[in-house]
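Since the structure comes first, as structure tokens, the remarks are kept for the end.
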Amino acid sequence: MTHIIKALATLAALAMPHVAAAQDGLRLSIDAVGADAQTAADHIAIVELSNQFENAFDEGDLDAHMATWADEISFTSPFGNYDDRDGYRDWVSGFMGQMAGMGGTRHLITNAVIAVDGDTARQTCYLVIVGRTMNEGGPAMMATVRFEDELVRTEGGWRFSSRELILDQDPAMFGGQ
């Protein structure tokens, strides 16, 4: 019986480093799952923010549109560059009115590629702009765009700090530069 107890004690001593390593691996796996879940939640929140940005524009809800921005902003496009909220607000308000006067728009965000680094993120996504009014073939596609975005995590969630609008078509077709 003593030999059996000594053998079990020896086996237990030999197994302990492996048990400890397995426990460490499990902790790492649990930490990785937690990090992956946070990353997934961040990606969903950023896509949702992009949708809110465009839905608010389409509905003419200037306050909801502005709520997607951080306190300090930068907006660059062929139609104007703005580094202050008031200037951008004035411009986008006029642009919303112009689009509403043409029958309205639907802005469709696609192909979001997001990289989160702590409390900042970068996003590249596409935007397809479709007119709400019908022509002979259905709704008219108005433009396609690529956005290059920078975002910050705030107490209220993710917000845009910078958006660069890169128009696929010649900006002169739309009165831009």
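Simple scheme: letters A, B, ... for chains in structure tokens order, numbers from 1 for residues in each chain, numbers from 1 for ligands in the order shown.
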
Pull the strand (DSSP E or B) assignments for region 19-163 of chain A out of DSSP run on the backbone, and list those residues as JSON, numbers by chain. {"A": [69, 70, 71, 72, 73, 74, 75, 76, 77, 80, 81, 82, 105, 106, 107, 108, 109, 110, 111, 112, 113, 114, 115, 116, 117, 120, 121, 122, 123, 124, 125, 126, 127, 128, 129, 130, 131, 132, 133, 134, 135, 138, 139, 140, 141, 142, 143, 144, 145, 146, 147, 148, 149, 150, 151, 152, 153, 154, 157, 158, 159, 160, 161, 162, 163]}

Set the distance at 12 Å and use only C-alpha atoms: which residues neighbour region 65-81 of chain A once local chain neighbours fewer than 6 positions away are removed? I'd like the list as number ranges by chain. A: 45-59, 87-96, 120, 145-177

Interatomic distance between CA of Gly101 (chain A) and CA of Asp61 (chain A)? 15.0 Å

Helix (DSSP H, G or I) residues, from DSSP on the backbone, in region 65-176 of chain A, as a JSON list (two decimals) with N, CA and C atoms, in the first residue's frame:
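What landed in states_26.json:
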[["chain", "number", "residue", "atom", "x", "y", "z"],
["A", 65, "HIS", "N", -27.84, 63.82, -36.15],
["A", 65, "HIS", "CA", -26.64, 63.72, -36.99],
["A", 65, "HIS", "C", -25.43, 64.28, -36.24],
["A", 66, "MET", "N", -25.58, 65.43, -35.64],
["A", 66, "MET", "CA", -24.47, 66.06, -34.92],
["A", 66, "MET", "C", -24.08, 65.25, -33.68],
["A", 85, "ARG", "N", -17.43, 72.40, -35.18],
["A", 85, "ARG", "CA", -18.80, 71.88, -35.19],
["A", 85, "ARG", "C", -19.78, 72.87, -35.80],
["A", 86, "ASP", "N", -19.63, 74.15, -35.50],
["A", 86, "ASP", "CA", -20.59, 75.14, -36.02],
["A", 86, "ASP", "C", -20.52, 75.26, -37.54],
["A", 87, "GLY", "N", -19.30, 75.32, -38.08],
["A", 87, "GLY", "CA", -19.14, 75.40, -39.53],
["A", 87, "GLY", "C", -19.70, 74.18, -40.23],
["A", 88, "TYR", "N", -19.38, 73.01, -39.68],
["A", 88, "TYR", "CA", -19.89, 71.77, -40.26],
["A", 88, "TYR", "C", -21.41, 71.73, -40.15],
["A", 89, "ARG", "N", -21.94, 72.10, -38.99],
["A", 89, "ARG", "CA", -23.40, 72.08, -38.78],
["A", 89, "ARG", "C", -24.10, 72.97, -39.81],
["A", 90, "ASP", "N", -23.57, 74.15, -40.05],
["A", 90, "ASP", "CA", -24.17, 75.06, -41.05],
["A", 90, "ASP", "C", -24.14, 74.42, -42.43],
["A", 91, "TRP", "N", -22.99, 73.85, -42.79],
["A", 91, "TRP", "CA", -22.86, 73.24, -44.12],
["A", 91, "TRP", "C", -23.81, 72.05, -44.27],
["A", 92, "VAL", "N", -23.80, 71.12, -43.30],
["A", 92, "VAL", "CA", -24.61, 69.91, -43.44],
["A", 92, "VAL", "C", -26.10, 70.24, -43.39],
["A", 93, "SER", "N", -26.49, 71.28, -42.66],
["A", 93, "SER", "CA", -27.88, 71.70, -42.63],
["A", 93, "SER", "C", -28.32, 72.15, -44.02],
["A", 94, "GLY", "N", -27.49, 72.94, -44.68],
["A", 94, "GLY", "CA", -27.79, 73.37, -46.04],
["A", 94, "GLY", "C", -27.84, 72.21, -47.02],
["A", 95, "PHE", "N", -26.91, 71.27, -46.84],
["A", 95, "PHE", "CA", -26.85, 70.10, -47.72],
["A", 95, "PHE", "C", -28.08, 69.21, -47.53],
["A", 96, "MET", "N", -28.51, 69.04, -46.26],
["A", 96, "MET", "CA", -29.73, 68.28, -45.99],
["A", 96, "MET", "C", -30.92, 68.92, -46.70],
["A", 97, "GLY", "N", -31.02, 70.24, -46.62],
["A", 97, "GLY", "CA", -32.11, 70.95, -47.29],
["A", 97, "GLY", "C", -32.07, 70.79, -48.79],
["A", 98, "GLN", "N", -30.87, 70.82, -49.35],
["A", 98, "GLN", "CA", -30.70, 70.65, -50.80],
["A", 98, "GLN", "C", -31.17, 69.25, -51.22],
["A", 99, "MET", "N", -30.77, 68.23, -50.48],
["A", 99, "MET", "CA", -31.16, 66.86, -50.82],
["A", 99, "MET", "C", -32.66, 66.65, -50.63],
["A", 100, "ALA", "N", -33.24, 67.23, -49.58],
["A", 100, "ALA", "CA", -34.69, 67.12, -49.36],
["A", 100, "ALA", "C", -35.44, 67.78, -50.52],
["A", 101, "GLY", "N", -34.91, 68.89, -51.03],
["A", 101, "GLY", "CA", -35.52, 69.59, -52.16],
["A", 101, "GLY", "C", -35.49, 68.77, -53.44],
["A", 171, "PRO", "N", -15.95, 65.21, -58.64],
["A", 171, "PRO", "CA", -16.70, 66.12, -57.77],
["A", 171, "PRO", "C", -17.36, 67.28, -58.53],
["A", 172, "ALA", "N", -16.81, 67.67, -59.67],
["A", 172, "ALA", "CA", -17.38, 68.77, -60.44],
["A", 172, "ALA", "C", -18.82, 68.44, -60.90],
["A", 173, "MET", "N", -19.13, 67.15, -61.03],
["A", 173, "MET", "CA", -20.49, 66.74, -61.42],
["A", 173, "MET", "C", -21.51, 67.17, -60.38],
["A", 174, "PHE", "N", -21.03, 67.36, -59.15],
["A", 174, "PHE", "CA", -21.92, 67.68, -58.04],
["A", 174, "PHE", "C", -21.68, 69.08, -57.48]]

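All residues of protein, DNA or RNA that reach within 8 Å of Ile114 (chain A), judged by only C-alpha atoms and not counting those fewer than 6 positions away in the chain, are His43, Ala121, Arg122, Gln123 and Thr124 of chain A.
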
Restricted to N, CA and C atoms, what would the selected residues look like written as an mmCIF file, in the first residue's frame?
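Everything below was put into again-v8.cif:
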data_model
loop_
_atom_site.group_PDB
_atom_site.id
_atom_site.type_symbol
_atom_site.label_atom_id
_atom_site.label_comp_id
_atom_site.auth_asym_id
_atom_site.auth_seq_id
_atom_site.Cartn_x
_atom_site.Cartn_y
_atom_site.Cartn_z
ATOM 1 N N HIS A 43 -17.019 46.862 -32.695
ATOM 2 C CA HIS A 43 -17.299 46.868 -34.136
ATOM 3 C C HIS A 43 -18.778 47.107 -34.401
ATOM 4 N N ALA A 121 -10.344 54.287 -32.758
ATOM 5 C CA ALA A 121 -10.582 53.311 -33.828
ATOM 6 C C ALA A 121 -10.460 54.009 -35.168
ATOM 7 N N ARG A 122 -10.226 53.188 -36.185
ATOM 8 C CA ARG A 122 -10.212 53.648 -37.574
ATOM 9 C C ARG A 122 -11.207 52.789 -38.349
ATOM 10 N N GLN A 123 -11.886 53.418 -39.280
ATOM 11 C CA GLN A 123 -12.834 52.685 -40.113
ATOM 12 C C GLN A 123 -12.693 53.151 -41.556
ATOM 13 N N THR A 124 -12.743 52.206 -42.463
ATOM 14 C CA THR A 124 -12.928 52.484 -43.878
ATOM 15 C C THR A 124 -14.243 51.833 -44.254
#

Let me make sure I understand: among A:Ala143, A:Val128, A:Ala35, A:Ala41, which one has the smallest atom-to-atom distance to Asn111 (chain A) if we use only C-alpha atoms?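 Closest residue, counting only C-alpha atoms: A:Val128.
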
Please, what distance in Å, to one decimal, runs between CA of Gln38 (chain A) and CA of Cys125 (chain A)?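 Distance between the two atoms: 20.7 Å.
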
Figure out the distance between CA of Leu62 (chain A) and CA of Thr105 (chain A), please, to one decimal in Å.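 Those two atoms sit 14.7 Å apart.
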
Calculated over only C-alpha atoms, which of the candidates A:Thr144, A:Asp42, A:Asp36, A:Asp83 has the smallest distance to Leu108 (chain A)?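 Going through A:Thr144, A:Asp42, A:Asp36, A:Asp83 one by one, the smallest distance to Leu108 (chain A) is for A:Thr144.
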